[in-house]
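Source file: upload38.txt. Holds: compact mmCIF, C-alpha atoms.
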# COMPACT_ATOMS: atom_id res chain seq x y z
CA MET A 1 0.00 0.00 0.00
CA GLY A 2 0.98 3.59 -0.43
CA HIS A 3 1.62 5.58 -3.56
CA ALA A 4 4.93 3.89 -4.29
CA VAL A 5 6.81 5.83 -1.61
CA ARG A 6 9.72 3.43 -1.36
CA ASP A 7 12.26 4.59 1.22
CA ASP A 8 14.67 1.79 0.30
CA ALA A 9 14.84 2.98 -3.29
CA LEU A 10 14.71 6.76 -3.57
CA ARG A 11 15.41 7.28 -7.21
CA VAL A 12 16.43 10.07 -9.55
CA ARG A 13 16.34 9.14 -13.23
CA SER A 14 16.62 11.36 -16.28
CA VAL A 15 13.37 12.00 -18.09
CA SER A 16 13.57 13.17 -21.69
CA GLY A 17 12.01 16.60 -22.01
CA CYS A 18 9.95 18.37 -19.39
CA ARG A 19 7.54 16.10 -17.49
CA LEU A 20 4.73 18.58 -17.39
CA ALA A 21 5.16 19.34 -21.08
CA VAL A 22 4.28 15.76 -22.02
CA ALA A 23 1.17 15.68 -19.85
CA ALA A 24 -1.83 16.12 -22.13
CA THR A 25 -4.32 16.35 -19.23
CA VAL A 26 -3.85 16.94 -15.51
CA ALA A 27 -6.44 15.36 -13.19
CA LEU A 28 -6.53 15.88 -9.41
CA MET A 29 -8.27 12.80 -8.06
CA SER A 30 -10.96 13.13 -5.41
CA GLY A 31 -10.82 9.54 -4.13
CA LEU A 32 -8.20 7.07 -2.95
CA TRP A 33 -5.61 6.04 -5.51
CA THR A 34 -6.05 2.41 -4.43
CA GLU A 35 -9.55 2.49 -5.93
CA ASP A 36 -8.33 3.64 -9.36
CA PRO A 37 -7.40 0.72 -11.68
CA ARG A 38 -5.06 2.98 -13.69
CA LEU A 39 -2.84 3.55 -10.65
CA VAL A 40 -3.25 0.06 -9.22
CA ALA A 41 -1.97 -1.28 -12.56
CA VAL A 42 1.46 0.33 -12.02
CA TYR A 43 1.74 -0.35 -8.28
CA ASP A 44 3.80 -3.54 -8.55
CA THR A 45 6.20 -1.88 -10.96
CA GLU A 46 6.74 1.06 -8.62
CA CYS A 47 7.08 -1.16 -5.54
CA ALA A 48 9.37 -3.84 -6.94
CA GLY A 49 11.78 -3.81 -3.96
CA ARG A 50 11.72 -7.00 -1.88
CA ASP A 51 13.67 -6.18 1.30
CA ASP A 52 10.58 -6.05 3.53
CA HIS A 53 8.91 -8.83 1.57
CA ASP A 54 11.78 -11.28 2.06
CA PHE A 55 12.17 -10.25 5.71
CA TYR A 56 8.59 -11.20 6.55
CA LEU A 57 8.76 -14.44 4.54
CA ALA A 58 11.81 -15.48 6.57
CA LEU A 59 10.08 -14.48 9.80
CA ALA A 60 7.02 -16.61 9.01
CA ASP A 61 9.30 -19.58 8.39
CA GLU A 62 11.33 -18.98 11.56
CA LEU A 63 8.20 -18.78 13.71
CA GLY A 64 6.72 -21.89 12.13
CA ALA A 65 3.55 -19.92 11.52
CA GLU A 66 0.90 -22.22 10.08
CA VAL A 67 -1.70 -19.50 9.47
CA VAL A 68 -0.63 -15.99 8.40
CA ILE A 69 -2.92 -12.99 7.98
CA ASP A 70 -1.75 -10.31 5.54
CA VAL A 71 -3.48 -7.08 6.59
CA GLY A 72 -3.48 -4.61 3.71
CA CYS A 73 -2.45 -7.32 1.26
CA GLY A 74 -2.64 -5.06 -1.80
CA THR A 75 -2.08 -6.96 -5.06
CA GLY A 76 -1.23 -10.17 -3.21
CA VAL A 77 2.46 -10.60 -4.02
CA PHE A 78 3.41 -11.41 -0.41
CA ALA A 79 0.36 -13.59 0.26
CA VAL A 80 1.01 -15.67 -2.87
CA ASP A 81 4.64 -16.24 -1.88
CA LEU A 82 3.53 -17.31 1.60
CA ALA A 83 1.09 -19.82 0.16
CA ARG A 84 3.72 -21.25 -2.17
CA ARG A 85 5.93 -21.86 0.88
CA GLY A 86 3.21 -23.91 2.56
CA HIS A 87 1.57 -21.36 4.87
CA ALA A 88 -2.19 -21.05 5.08
CA VAL A 89 -2.96 -17.44 4.16
CA ILE A 90 -5.76 -14.94 4.53
CA GLY A 91 -5.26 -11.66 2.69
CA LEU A 92 -7.47 -8.68 3.36
CA ASP A 93 -7.65 -5.22 1.85
CA PRO A 94 -10.29 -2.47 1.63
CA ALA A 95 -9.48 -1.75 -2.04
CA GLY A 96 -11.38 -3.82 -4.59
CA PRO A 97 -9.07 -3.12 -7.57
CA MET A 98 -6.09 -4.31 -5.53
CA LEU A 99 -7.86 -7.56 -4.66
CA ASP A 100 -8.87 -8.09 -8.28
CA ILE A 101 -5.18 -8.37 -9.17
CA ALA A 102 -4.50 -10.51 -6.08
CA ARG A 103 -7.20 -13.02 -7.04
CA GLU A 104 -5.88 -13.26 -10.59
CA ARG A 105 -2.32 -13.72 -9.33
CA SER A 106 -3.32 -16.51 -6.92
CA ALA A 107 -5.07 -18.76 -9.44
CA GLY A 108 -4.63 -22.37 -8.32
CA LEU A 109 -3.62 -21.46 -4.76
CA ASP A 110 -5.78 -21.86 -1.67
CA ILE A 111 -5.80 -18.29 -0.34
CA GLU A 112 -8.79 -16.66 1.33
CA TRP A 113 -9.28 -13.08 0.16
CA ILE A 114 -11.38 -10.67 2.21
CA HIS A 115 -12.54 -7.33 0.82
CA GLY A 116 -12.71 -5.44 4.10
CA PRO A 117 -11.01 -4.69 7.43
CA ALA A 118 -9.54 -6.96 10.08
CA ASP A 119 -12.93 -6.97 11.81
CA ASP A 120 -14.06 -9.51 9.18
CA VAL A 121 -11.53 -12.19 10.21
CA ALA A 122 -12.55 -14.96 12.62
CA THR A 123 -11.28 -15.02 16.22
CA GLY A 124 -8.15 -16.92 17.27
CA VAL A 125 -7.18 -18.28 13.86
CA ALA A 126 -3.70 -16.87 13.19
CA ASP A 127 -0.14 -17.54 14.31
CA LEU A 128 1.21 -14.41 12.63
CA VAL A 129 -0.33 -11.16 11.43
CA VAL A 130 1.76 -9.01 9.10
CA MET A 131 1.16 -5.38 8.15
CA MET A 132 3.89 -4.76 5.59
CA GLY A 133 4.34 -1.83 3.25
CA HIS A 134 3.82 0.71 6.08
CA VAL A 135 0.17 -0.26 6.39
CA ALA A 136 0.35 0.79 10.06
CA GLN A 137 0.69 4.42 8.97
CA TYR A 138 -2.68 4.46 7.24
CA PHE A 139 -4.48 4.49 10.59
CA LEU A 140 -4.34 8.23 11.07
CA ASP A 141 -6.12 8.80 14.37
CA ASP A 142 -5.50 7.03 17.65
CA ALA A 143 -8.96 5.45 17.75
CA ALA A 144 -8.44 3.76 14.37
CA TRP A 145 -4.98 2.52 15.37
CA SER A 146 -6.27 1.18 18.71
CA ASN A 147 -9.12 -0.57 16.92
CA VAL A 148 -6.89 -2.39 14.46
CA LEU A 149 -4.53 -3.48 17.25
CA GLY A 150 -7.52 -4.79 19.18
CA GLN A 151 -8.75 -6.69 16.14
CA VAL A 152 -5.31 -8.20 15.52
CA HIS A 153 -5.14 -9.28 19.18
CA ARG A 154 -8.52 -10.98 18.74
CA ILE A 155 -7.44 -12.70 15.50
CA LEU A 156 -4.20 -14.10 16.91
CA ARG A 157 -3.93 -17.26 18.94
CA PRO A 158 -2.30 -16.87 22.39
CA GLY A 159 1.42 -16.43 21.80
CA GLY A 160 0.90 -15.34 18.20
CA ARG A 161 2.91 -12.47 16.74
CA LEU A 162 2.20 -9.19 15.06
CA ALA A 163 4.88 -7.84 12.72
CA PHE A 164 4.89 -4.48 10.97
CA GLN A 165 7.05 -1.51 10.02
CA THR A 166 6.55 2.21 10.45
CA ARG A 167 8.75 5.12 9.41
CA ASN A 168 10.81 6.96 12.00
CA PRO A 169 9.32 10.47 12.54
CA ALA A 170 12.79 11.83 13.39
CA ILE A 171 13.74 11.60 9.71
CA PRO A 172 12.95 14.75 7.64
CA TRP A 173 10.61 12.97 5.23
CA GLU A 174 9.32 16.23 3.78
CA GLU A 175 12.82 16.80 2.43
CA GLN A 176 13.24 13.28 1.04
CA TRP A 177 9.82 13.08 -0.59
CA SER A 178 10.27 15.59 -3.37
CA GLU A 179 10.07 15.42 -7.14
CA SER A 180 13.83 15.77 -7.53
CA ARG A 181 14.52 12.81 -5.21
CA THR A 182 11.72 10.41 -6.13
CA ALA A 183 11.03 10.94 -9.85
CA ALA A 184 11.40 7.82 -11.98
CA THR A 185 10.38 6.64 -15.43
CA MET A 186 9.51 2.95 -15.71
CA PRO A 187 8.02 0.51 -18.25
CA HIS A 188 4.22 0.40 -18.11
CA PRO A 189 2.79 -3.14 -17.85
CA ASP A 190 0.63 -2.48 -20.92
CA GLY A 191 3.42 -0.94 -23.00
CA GLY A 192 5.16 2.38 -23.16
CA GLU A 193 6.50 4.20 -20.10
CA PHE A 194 5.07 6.07 -17.16
CA THR A 195 6.68 8.64 -14.88
CA SER A 196 5.89 9.04 -11.18
CA TRP A 197 7.03 11.03 -8.17
CA VAL A 198 5.78 12.22 -4.78
CA GLU A 199 5.93 15.55 -2.99
CA VAL A 200 4.83 16.53 0.51
CA VAL A 201 2.16 19.24 0.62
CA GLU A 202 1.29 19.42 4.34
CA LYS A 203 2.68 18.45 7.75
CA SER A 204 0.64 18.71 10.94
CA GLY A 205 1.12 17.67 14.56
CA PRO A 206 3.94 17.52 17.11
CA VAL A 207 7.51 16.96 15.97
CA ASP A 208 7.56 13.31 17.14
CA SER A 209 4.00 12.33 16.15
CA TYR A 210 2.65 13.96 13.04
CA THR A 211 0.71 13.45 9.82
CA LEU A 212 2.17 14.08 6.37
CA THR A 213 0.03 14.57 3.31
CA HIS A 214 1.72 14.07 -0.02
CA HIS A 215 0.68 14.17 -3.64
CA GLY A 216 1.51 11.18 -5.79
CA HIS A 217 2.01 12.19 -9.42
CA THR A 218 1.73 9.69 -12.25
CA ILE A 219 2.02 10.50 -15.96
CA LEU A 220 0.66 7.59 -17.97
CA PRO A 221 1.88 6.61 -21.47
CA GLY A 222 -0.88 8.58 -23.19
CA GLY A 223 0.08 11.76 -21.33
CA LEU A 224 -2.64 11.77 -18.66
CA HIS A 225 -1.18 13.25 -15.46
CA LEU A 226 -2.96 11.88 -12.37
CA ILE A 227 -2.47 13.49 -8.95
CA ALA A 228 -3.62 11.59 -5.86
CA ALA A 229 -3.47 12.90 -2.29
CA GLU A 230 -2.55 10.56 0.54
CA SER A 231 -1.99 11.08 4.28
CA LEU A 232 0.20 8.96 6.56
CA ARG A 233 0.71 9.01 10.33
CA PHE A 234 4.21 9.01 11.84
CA ARG A 235 4.23 7.79 15.47
CA SER A 236 7.13 7.87 17.89
CA ALA A 237 8.68 4.67 19.20
CA ALA A 238 7.28 5.39 22.67
CA GLU A 239 3.83 5.88 21.21
CA ILE A 240 4.03 2.62 19.26
CA VAL A 241 5.19 0.63 22.28
CA GLY A 242 2.56 2.17 24.55
CA SER A 243 -0.25 1.42 22.13
CA LEU A 244 0.88 -2.20 21.80
CA GLU A 245 0.96 -2.69 25.56
CA THR A 246 -2.49 -1.15 25.92
CA ALA A 247 -3.82 -3.59 23.31
CA GLY A 248 -2.41 -6.61 25.17
CA PHE A 249 0.89 -7.18 23.37
CA SER A 250 4.43 -7.58 24.66
CA LEU A 251 7.16 -6.03 22.57
CA GLU A 252 9.64 -8.72 21.54
CA GLN A 253 11.94 -6.91 19.13
CA THR A 254 12.52 -3.71 17.23
CA TRP A 255 14.94 -3.34 14.34
CA GLY A 256 16.02 -0.39 12.26
CA GLY A 257 16.82 -2.25 9.04
CA TRP A 258 15.87 -5.34 7.08
CA ASP A 259 19.24 -6.82 7.98
CA ARG A 260 18.05 -6.74 11.62
CA SER A 261 20.34 -3.90 12.56
CA PRO A 262 19.33 -1.94 15.70
CA PHE A 263 16.68 0.74 15.66
CA THR A 264 18.09 4.19 16.48
CA SER A 265 17.00 7.80 16.12
CA ARG A 266 18.77 7.86 12.74
CA THR A 267 17.31 4.72 11.14
CA SER A 268 14.47 5.33 8.71
CA GLU A 269 12.46 2.26 9.68
CA MET A 270 11.10 0.92 12.94
CA ILE A 271 10.41 -2.78 12.40
CA VAL A 272 8.30 -4.23 15.21
CA ILE A 273 7.66 -7.77 16.42
CA ALA A 274 5.09 -8.05 19.24
CA ARG A 275 3.68 -11.10 21.01
CA ARG A 276 0.03 -11.54 21.92
CA ASP A 277 -0.27 -12.00 25.68
Would you encode the structure as structure tokens?
Amino acid sequence: MGHAVRDDALRVRSVSGCRLAVAATVALMSGLWTEDPRLVAVYDTECAGRDDHDFYLALADELGAEVVIDVGCGTGVFAVDLARRGHAVIGLDPAGPMLDIARERSAGLDIEWIHGPADDVATGVADLVVMMGHVAQYFLDDAAWSNVLGQVHRILRPGGRLAFQTRNPAIPWEEQWSESRTAATMPHPDGGEFTSWVEVVEKSGPVDSYTLTHHGHTILPGGLHLIAAESLRFRSAAEIVGSLETAGFSLEQTWGGWDRSPFTSRTSEMIVIARRD
């Protein structure tokens, strides 16, 4: 999930000519980009990095997790890989166009797809719940975040784990997420090329717990320039740990990188493993 804001692959690539000059039409979208098939179609190309993906696959194997729930499963890449490794998988996402691709990708595999929130999953069925791709940052207010943690606690068996990543609010993301640092031109799945970038348009809240709103720009092969707004919540480490404890979890581990290096004030990621009490 997310408009291809990949912190492990900030890219600057040359684009022939002026980007805006090749855009025949500019359209500011009113809804979520995840509900637009034109943007969903390029999501896997934009988010081709596998560092987090491979990390969570290895974790599921290490834990011996028989049943894994992929919250915010998107186009199903991670869920399909889990199933192929022998895990029973339930993938859920609120975006129908994302799940359409996931269902097509999983042909022949026994994966349960749920179009909806974690509330729709049965109680006590999972050994591991994963929220990869910074899904945790989509829960903007504290009530929504508390609710999803409560639902995950309900879904997990006693001793089950929750694993997710969130970006460190100490990093100046508004400086990193700019056109000059994120612009890239890539092959479009249906032919031709598309260009995309992100830029922050608003920051609100305290310095260690704030919300960023950014615009995701995508210029499709025909010249249509789509602009989609998206907001993400950046919580402090103390806030994350406190919310987990309140929801009935014990913090087992935090890392600052996919190589399991320590989390510090300078690492961009906070990777969390918590155990259901």
Counting all atoms listed in the file, what is within 7 Å of Ser196 (chain A), bar same-chain residues fewer than 2 positions away, as a ChimeraX atom specification? /A:183-185,194,217-219
I'd like to know which of A:Leu156, A:Val207, A:Ala238, A:Ala95 is closest to Glu35 (chain A), using only C-alpha atoms. A:Ala95
Distance of CA of Gly192 (chain A) from CA of Gly133 (chain A), expressed in Å to one decimal place: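 Interatomic distance here is 26.8 Å.
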Using all atoms listed in the file, which of A:Val201, A:Cys47, A:Ala58, A:Leu162 sits nearest Gly150 (chain A)?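 Looking at the shortest contact to Gly150 (chain A), the residue is A:Leu162.
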Spatial neighbours of Met132 (chain A), max dist 12 Å, all atoms listed in the file, sep filter under 6 positions, as a PyMOL selection string: chain A and resi 1-2+50-57+69-74+76-79+91+138+162-167+269-273
Can you work out which one of A:Thr211, A:Gln151, A:Thr34, A:Asn168 has the shortest atom-to-atom distance to Arg266 (chain A), counting only C-alpha atoms?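 Smallest distance to Arg266 (chain A) is found for A:Asn168.
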Interatomic distance between CA of Glu174 (chain A) and CA of Asp208 (chain A)?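 For CA of Glu174 (chain A) relative to CA of Asp208 (chain A), the distance reads 13.8 Å.
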Considering only C-alpha atoms, state which residue in the set A:His115, A:His134, A:Lys203, A:Arg85 is at the smallest distance from Ser268 (chain A). A:His134
Quick one: pull the distance between CA of Gly216 (chain A) and CA of Gly257 (chain A), Å, one decimal.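 About the pair CA of Gly216 (chain A) and CA of Gly257 (chain A): they are 25.2 Å apart.
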Fewer than 2 positions away in the same chain doesn't count, so skip those; otherwise give me all residues within 7 Å of Gly159 (chain A), counting all atoms listed in the file, as a count of residues only. 5
Between A:Trp177, A:Phe263, A:Trp258, A:Tyr43, which one has atoms that come closest to Glu202 (chain A), using all atoms listed in the file?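 Of A:Trp177, A:Phe263, A:Trp258, A:Tyr43, the one nearest Glu202 (chain A), counting all atoms listed in the file, is A:Trp177.
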Nearest to Arg235 (chain A) by atom-to-atom distance, counting all atoms listed in the file, from A:Glu175, A:Asp142, A:Glu252, A:Asp61: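 Closest to Arg235 (chain A), using all atoms listed in the file: A:Asp142.
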Could you list, as a VMD selection string, every residue within 12 Å of Ile101 (chain A), counting all atoms listed in the file and ignoring same-chain residues fewer than 2 positions away? chain A and resid 34 37 40 to 44 73 to 77 80 93 95 to 99 103 to 107 113
Which residues come within 8 Å of region 226-232 of chain A, counting all atoms listed in the file, excluding same-chain residues fewer than 4 positions away, as a PyMOL selection string? chain A and resi 2-3+26-33+137-140+211-220
Go ahead and fit an axis-aligned box to every listed atom of region 76-82 of chain A plus 5 Å each side, and pass me the centre and edge lengths in Å, one decimal, as lines of an AutoDock Vina configuration file.
center_x = 1.7
center_y = -13.7
center_z = -1.2
size_x = 15.9
size_y = 17.1
size_z = 15.6
N, CA and C atoms are what I want for region 225-242 of chain A; can you complete it accordingly and write them as a PDB file, in the coordinates of the input?
ATOM      1  N   HIS A 225      -1.903  12.994 -16.700  1.00  0.00           N
ATOM      2  CA  HIS A 225      -1.180  13.250 -15.460  1.00  0.00           C
ATOM      3  C   HIS A 225      -2.158  13.179 -14.295  1.00  0.00           C
ATOM      4  N   LEU A 226      -2.085  12.091 -13.517  1.00  0.00           N
ATOM      5  CA  LEU A 226      -2.960  11.880 -12.370  1.00  0.00           C
ATOM      6  C   LEU A 226      -2.258  12.339 -11.099  1.00  0.00           C
ATOM      7  N   ILE A 227      -3.002  13.033 -10.241  1.00  0.00           N
ATOM      8  CA  ILE A 227      -2.470  13.490  -8.950  1.00  0.00           C
ATOM      9  C   ILE A 227      -3.395  12.976  -7.858  1.00  0.00           C
ATOM     10  N   ALA A 228      -2.837  12.191  -6.943  1.00  0.00           N
ATOM     11  CA  ALA A 228      -3.620  11.590  -5.860  1.00  0.00           C
ATOM     12  C   ALA A 228      -3.040  12.008  -4.517  1.00  0.00           C
ATOM     13  N   ALA A 229      -3.894  12.506  -3.635  1.00  0.00           N
ATOM     14  CA  ALA A 229      -3.470  12.900  -2.290  1.00  0.00           C
ATOM     15  C   ALA A 229      -3.547  11.702  -1.353  1.00  0.00           C
ATOM     16  N   GLU A 230      -2.582  11.634  -0.446  1.00  0.00           N
ATOM     17  CA  GLU A 230      -2.550  10.560   0.540  1.00  0.00           C
ATOM     18  C   GLU A 230      -1.935  11.079   1.835  1.00  0.00           C
ATOM     19  N   SER A 231      -2.508  10.672   2.968  1.00  0.00           N
ATOM     20  CA  SER A 231      -1.990  11.080   4.280  1.00  0.00           C
ATOM     21  C   SER A 231      -1.508   9.861   5.046  1.00  0.00           C
ATOM     22  N   LEU A 232      -0.401  10.026   5.773  1.00  0.00           N
ATOM     23  CA  LEU A 232       0.200   8.960   6.560  1.00  0.00           C
ATOM     24  C   LEU A 232       0.546   9.485   7.944  1.00  0.00           C
ATOM     25  N   ARG A 233       0.416   8.635   8.958  1.00  0.00           N
ATOM     26  CA  ARG A 233       0.710   9.010  10.330  1.00  0.00           C
ATOM     27  C   ARG A 233       2.088   8.485  10.741  1.00  0.00           C
ATOM     28  N   PHE A 234       2.871   9.349  11.356  1.00  0.00           N
ATOM     29  CA  PHE A 234       4.210   9.010  11.840  1.00  0.00           C
ATOM     30  C   PHE A 234       4.183   9.056  13.365  1.00  0.00           C
ATOM     31  N   ARG A 235       4.279   7.881  14.005  1.00  0.00           N
ATOM     32  CA  ARG A 235       4.230   7.790  15.470  1.00  0.00           C
ATOM     33  C   ARG A 235       5.621   7.548  16.035  1.00  0.00           C
ATOM     34  N   SER A 236       5.841   8.080  17.222  1.00  0.00           N
ATOM     35  CA  SER A 236       7.130   7.870  17.890  1.00  0.00           C
ATOM     36  C   SER A 236       7.232   6.441  18.386  1.00  0.00           C
ATOM     37  N   ALA A 237       8.464   6.011  18.674  1.00  0.00           N
ATOM     38  CA  ALA A 237       8.680   4.670  19.200  1.00  0.00           C
ATOM     39  C   ALA A 237       7.937   4.477  20.516  1.00  0.00           C
ATOM     40  N   ALA A 238       7.974   5.490  21.380  1.00  0.00           N
ATOM     41  CA  ALA A 238       7.280   5.390  22.670  1.00  0.00           C
ATOM     42  C   ALA A 238       5.780   5.240  22.463  1.00  0.00           C
ATOM     43  N   GLU A 239       5.261   5.957  21.497  1.00  0.00           N
ATOM     44  CA  GLU A 239       3.830   5.880  21.210  1.00  0.00           C
ATOM     45  C   GLU A 239       3.451   4.502  20.668  1.00  0.00           C
ATOM     46  N   ILE A 240       4.279   3.954  19.802  1.00  0.00           N
ATOM     47  CA  ILE A 240       4.030   2.620  19.260  1.00  0.00           C
ATOM     48  C   ILE A 240       4.036   1.577  20.375  1.00  0.00           C
ATOM     49  N   VAL A 241       5.069   1.612  21.208  1.00  0.00           N
ATOM     50  CA  VAL A 241       5.190   0.630  22.280  1.00  0.00           C
ATOM     51  C   VAL A 241       4.027   0.743  23.255  1.00  0.00           C
ATOM     52  N   GLY A 242       3.670   1.970  23.620  1.00  0.00           N
ATOM     53  CA  GLY A 242       2.560   2.170  24.550  1.00  0.00           C
ATOM     54  C   GLY A 242       1.243   1.654  24.012  1.00  0.00           C
TER      55      GLY A 242
END
